[in-house]
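Q: Input query39.tsv, format and content: TSV, C-alpha atoms.
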chain	number	residue	atom	x	y	z
X	1	MET	CA	135.88	25.74	-64.99
X	2	SER	CA	137.78	28.64	-66.47
X	3	GLY	CA	137.86	32.13	-65.00
X	4	GLY	CA	135.73	33.51	-67.87
X	5	GLY	CA	134.28	36.91	-68.33
X	6	GLY	CA	131.08	36.87	-66.31
X	7	MET	CA	129.04	34.47	-68.43
X	8	LYS	CA	127.36	31.38	-66.99
X	9	GLU	CA	130.05	28.72	-66.85
X	10	GLY	CA	129.72	24.96	-67.10
X	11	ALA	CA	126.40	25.02	-68.90
X	12	ASN	CA	127.89	23.91	-72.27
X	13	PHE	CA	126.08	26.83	-73.85
X	14	ASP	CA	127.98	29.25	-76.05
X	15	PRO	CA	125.76	32.09	-77.29
X	16	PHE	CA	128.36	32.94	-79.93
X	17	GLU	CA	128.83	29.42	-81.25
X	18	GLU	CA	126.39	29.77	-84.16
X	19	GLU	CA	127.91	33.10	-85.29
X	20	GLU	CA	131.43	31.69	-85.18
X	21	GLU	CA	130.45	28.67	-87.26
X	22	SER	CA	128.71	30.77	-89.90
X	23	THR	CA	131.65	33.20	-90.01
X	24	GLU	CA	134.05	30.34	-90.65
X	25	SER	CA	131.92	28.79	-93.38
X	26	ASP	CA	131.17	32.15	-95.06
X	27	SER	CA	134.80	33.20	-95.29
X	28	ASP	CA	137.45	31.66	-97.48
X	29	GLU	CA	140.20	33.17	-95.34
X	30	GLY	CA	138.64	32.22	-92.00
X	31	GLU	CA	138.06	35.76	-90.73
X	32	SER	CA	138.27	35.82	-86.97
X	33	PRO	CA	137.26	38.18	-84.18
X	34	GLU	CA	139.46	40.86	-85.79
X	35	HIS	CA	136.71	41.39	-88.34
X	36	SER	CA	133.96	41.70	-85.72
X	37	GLN	CA	136.03	44.25	-83.79
X	38	GLN	CA	136.21	46.42	-86.90
X	39	THR	CA	132.42	46.71	-87.11
X	40	LEU	CA	132.37	49.17	-84.20
X	41	PRO	CA	134.47	52.35	-84.18
X	42	TYR	CA	137.23	52.36	-81.56
X	43	ARG	CA	135.30	54.76	-79.33
X	44	PHE	CA	132.38	52.36	-79.02
X	45	ALA	CA	134.31	49.08	-79.06
X	46	ARG	CA	136.37	49.91	-75.97
X	47	LYS	CA	135.15	49.59	-72.39
X	48	THR	CA	136.89	52.71	-71.04
X	49	ALA	CA	138.93	55.54	-72.51
X	50	GLU	CA	142.05	53.85	-71.13
X	51	ASP	CA	141.23	50.53	-72.82
X	52	GLN	CA	143.91	49.41	-75.31
X	53	ARG	CA	146.21	52.27	-74.31
X	54	GLU	CA	149.39	52.69	-72.29
X	55	GLN	CA	149.96	55.77	-70.19
X	56	LYS	CA	152.87	57.88	-71.44
X	57	PRO	CA	153.70	61.12	-69.67
X	58	ILE	CA	154.05	64.20	-71.83
X	59	TRP	CA	155.33	67.55	-70.65
X	60	LEU	CA	153.58	70.54	-72.22
X	61	GLN	CA	154.07	74.28	-72.09
X	62	GLU	CA	151.15	76.31	-70.78
X	63	GLU	CA	150.51	77.82	-74.22
X	64	THR	CA	150.32	74.35	-75.74
X	65	GLN	CA	147.88	73.22	-73.07
X	66	ASP	CA	145.72	76.28	-73.78
X	67	LEU	CA	145.77	75.51	-77.51
X	68	ILE	CA	144.77	71.89	-76.85
X	69	ASP	CA	141.85	73.08	-74.72
X	70	GLU	CA	140.75	75.47	-77.49
X	71	ARG	CA	140.87	72.72	-80.13
X	72	ILE	CA	138.99	70.26	-77.91
X	73	ASN	CA	136.28	72.85	-77.27
X	74	ALA	CA	136.04	73.68	-80.99
X	75	LEU	CA	135.73	70.01	-81.91
X	76	ALA	CA	133.17	69.42	-79.17
X	77	GLU	CA	131.12	72.26	-80.63
X	78	GLN	CA	131.62	70.99	-84.19
X	79	PHE	CA	130.65	67.40	-83.26
X	80	ASP	CA	127.99	68.57	-80.78
X	81	GLU	CA	129.37	66.20	-78.15
X	82	ARG	CA	132.13	66.00	-75.55
X	83	VAL	CA	135.58	65.13	-76.93
X	84	LEU	CA	137.87	63.36	-74.48
X	85	ARG	CA	141.30	64.98	-74.06
X	86	MET	CA	142.93	61.56	-74.27
X	87	ASP	CA	141.20	60.86	-77.59
X	88	TYR	CA	142.10	64.28	-78.96
X	89	LEU	CA	145.78	63.97	-78.07
X	90	GLU	CA	146.19	60.50	-79.56
X	91	ALA	CA	144.18	61.44	-82.66
X	92	ALA	CA	146.32	64.57	-83.19
X	93	ILE	CA	149.55	62.57	-82.95
X	94	LEU	CA	148.23	59.84	-85.23
X	95	ALA	CA	146.86	62.35	-87.73
X	96	ASP	CA	150.18	64.16	-87.96
X	97	ALA	CA	152.13	60.94	-88.37
X	98	GLU	CA	149.81	59.72	-91.14
X	99	GLY	CA	149.26	63.06	-92.92
X	100	ARG	CA	145.58	63.19	-91.99
X	101	THR	CA	143.44	65.57	-89.96
X	102	THR	CA	142.58	65.14	-86.30
X	103	GLU	CA	138.91	65.55	-87.16
X	104	ASN	CA	139.02	62.63	-89.59
X	105	VAL	CA	140.71	60.35	-87.07
X	106	LEU	CA	138.12	61.24	-84.43
X	107	ARG	CA	135.29	60.61	-86.91
X	108	GLU	CA	136.83	57.25	-87.75
X	109	TRP	CA	136.83	56.47	-84.02
X	110	GLY	CA	133.11	57.25	-83.77
X	111	TYR	CA	132.83	60.95	-83.02
X	112	ASP	CA	130.24	62.99	-84.94
X	113	ARG	CA	127.95	60.01	-85.52
X	114	ARG	CA	124.66	61.42	-84.38
As structure tokens - that is how I would like this structure written.
A:
Amino acid sequence: MSGGGGMKEGANFDPFEEEEESTESDSDEGESPEHSQQTLPYRFARKTAEDQREQKPIWLQEETQDLIDERINALAEQFDERVLRMDYLEAAILADAEGRTTENVLREWGYDRR
């Protein structure tokens, strides 16, 4: 038996077997789990906020920290939901690097979907 992820082991039953077979036969390029992961925004596909991330320390001035708090609060009000600091910081960095807005990155990740 393998050390699987909490499913009943040794029963020769794979609840995903039928989906995998139909995915393979429906796709010329043999799309794999990468496609199924894209169906949910990052925010909902992860188990915790730390999932798929590495911790990197960043040293900030007090004024910068205050500005971050203001932006997080404004986005939380705009989206009508709590915005995680970790999500905001990564989205802001990514948005700047890609020439996008932080709001658009957060929406892509699943914020503002009510």
Q: How many Å lie between atom CA of X:Glu50 and atom CA of X:Met86, rounded to one decimal?
A: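 A separation of 8.4 Å between them.
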Q: What does the structure give for the distance between atom CA of X:Asp87 and atom CA of X:Leu106, in Å to one decimal?
A: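 A separation of 7.5 Å between them.
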Q: In Å, rounded to a single decimal, give me how far atom CA of X:Ala95 is from atom CA of X:Val83.
A: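 About the pair atom CA of X:Val83 and atom CA of X:Ala95: they are 15.9 Å apart.
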Q: Would you please work out which residue, of X:Ala91, X:Trp59, X:Ala97, X:Gly110, is nearest to X:Thr39 when using only C-alpha atoms?
A: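 Closest residue, counting only C-alpha atoms: X:Gly110.
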Q: Tell me, as a PDB file with C-alpha atoms, in the frame of the given file, which residues lie within 12 Å of X:Asn73, counting all atoms listed in the file; anything in the same chain fewer than 6 positions away does not count.
A:
ATOM      1  CA  ASP X  66     145.720  76.280 -73.780  1.00  0.00           C
ATOM      2  CA  LEU X  67     145.770  75.510 -77.510  1.00  0.00           C
ATOM      3  CA  PHE X  79     130.650  67.400 -83.260  1.00  0.00           C
ATOM      4  CA  ASP X  80     127.990  68.570 -80.780  1.00  0.00           C
ATOM      5  CA  GLU X  81     129.370  66.200 -78.150  1.00  0.00           C
ATOM      6  CA  ARG X  82     132.130  66.000 -75.550  1.00  0.00           C
ATOM      7  CA  VAL X  83     135.580  65.130 -76.930  1.00  0.00           C
ATOM      8  CA  LEU X  84     137.870  63.360 -74.480  1.00  0.00           C
ATOM      9  CA  ARG X  85     141.300  64.980 -74.060  1.00  0.00           C
ATOM     10  CA  TYR X  88     142.100  64.280 -78.960  1.00  0.00           C
TER      11      TYR X  88
END
Q: Kindly indicate which residue among X:Arg53, X:Leu89, X:Asn104, X:Arg46 lies nearest to X:Gln65, using all atoms listed in the file for the distances.
A: X:Leu89
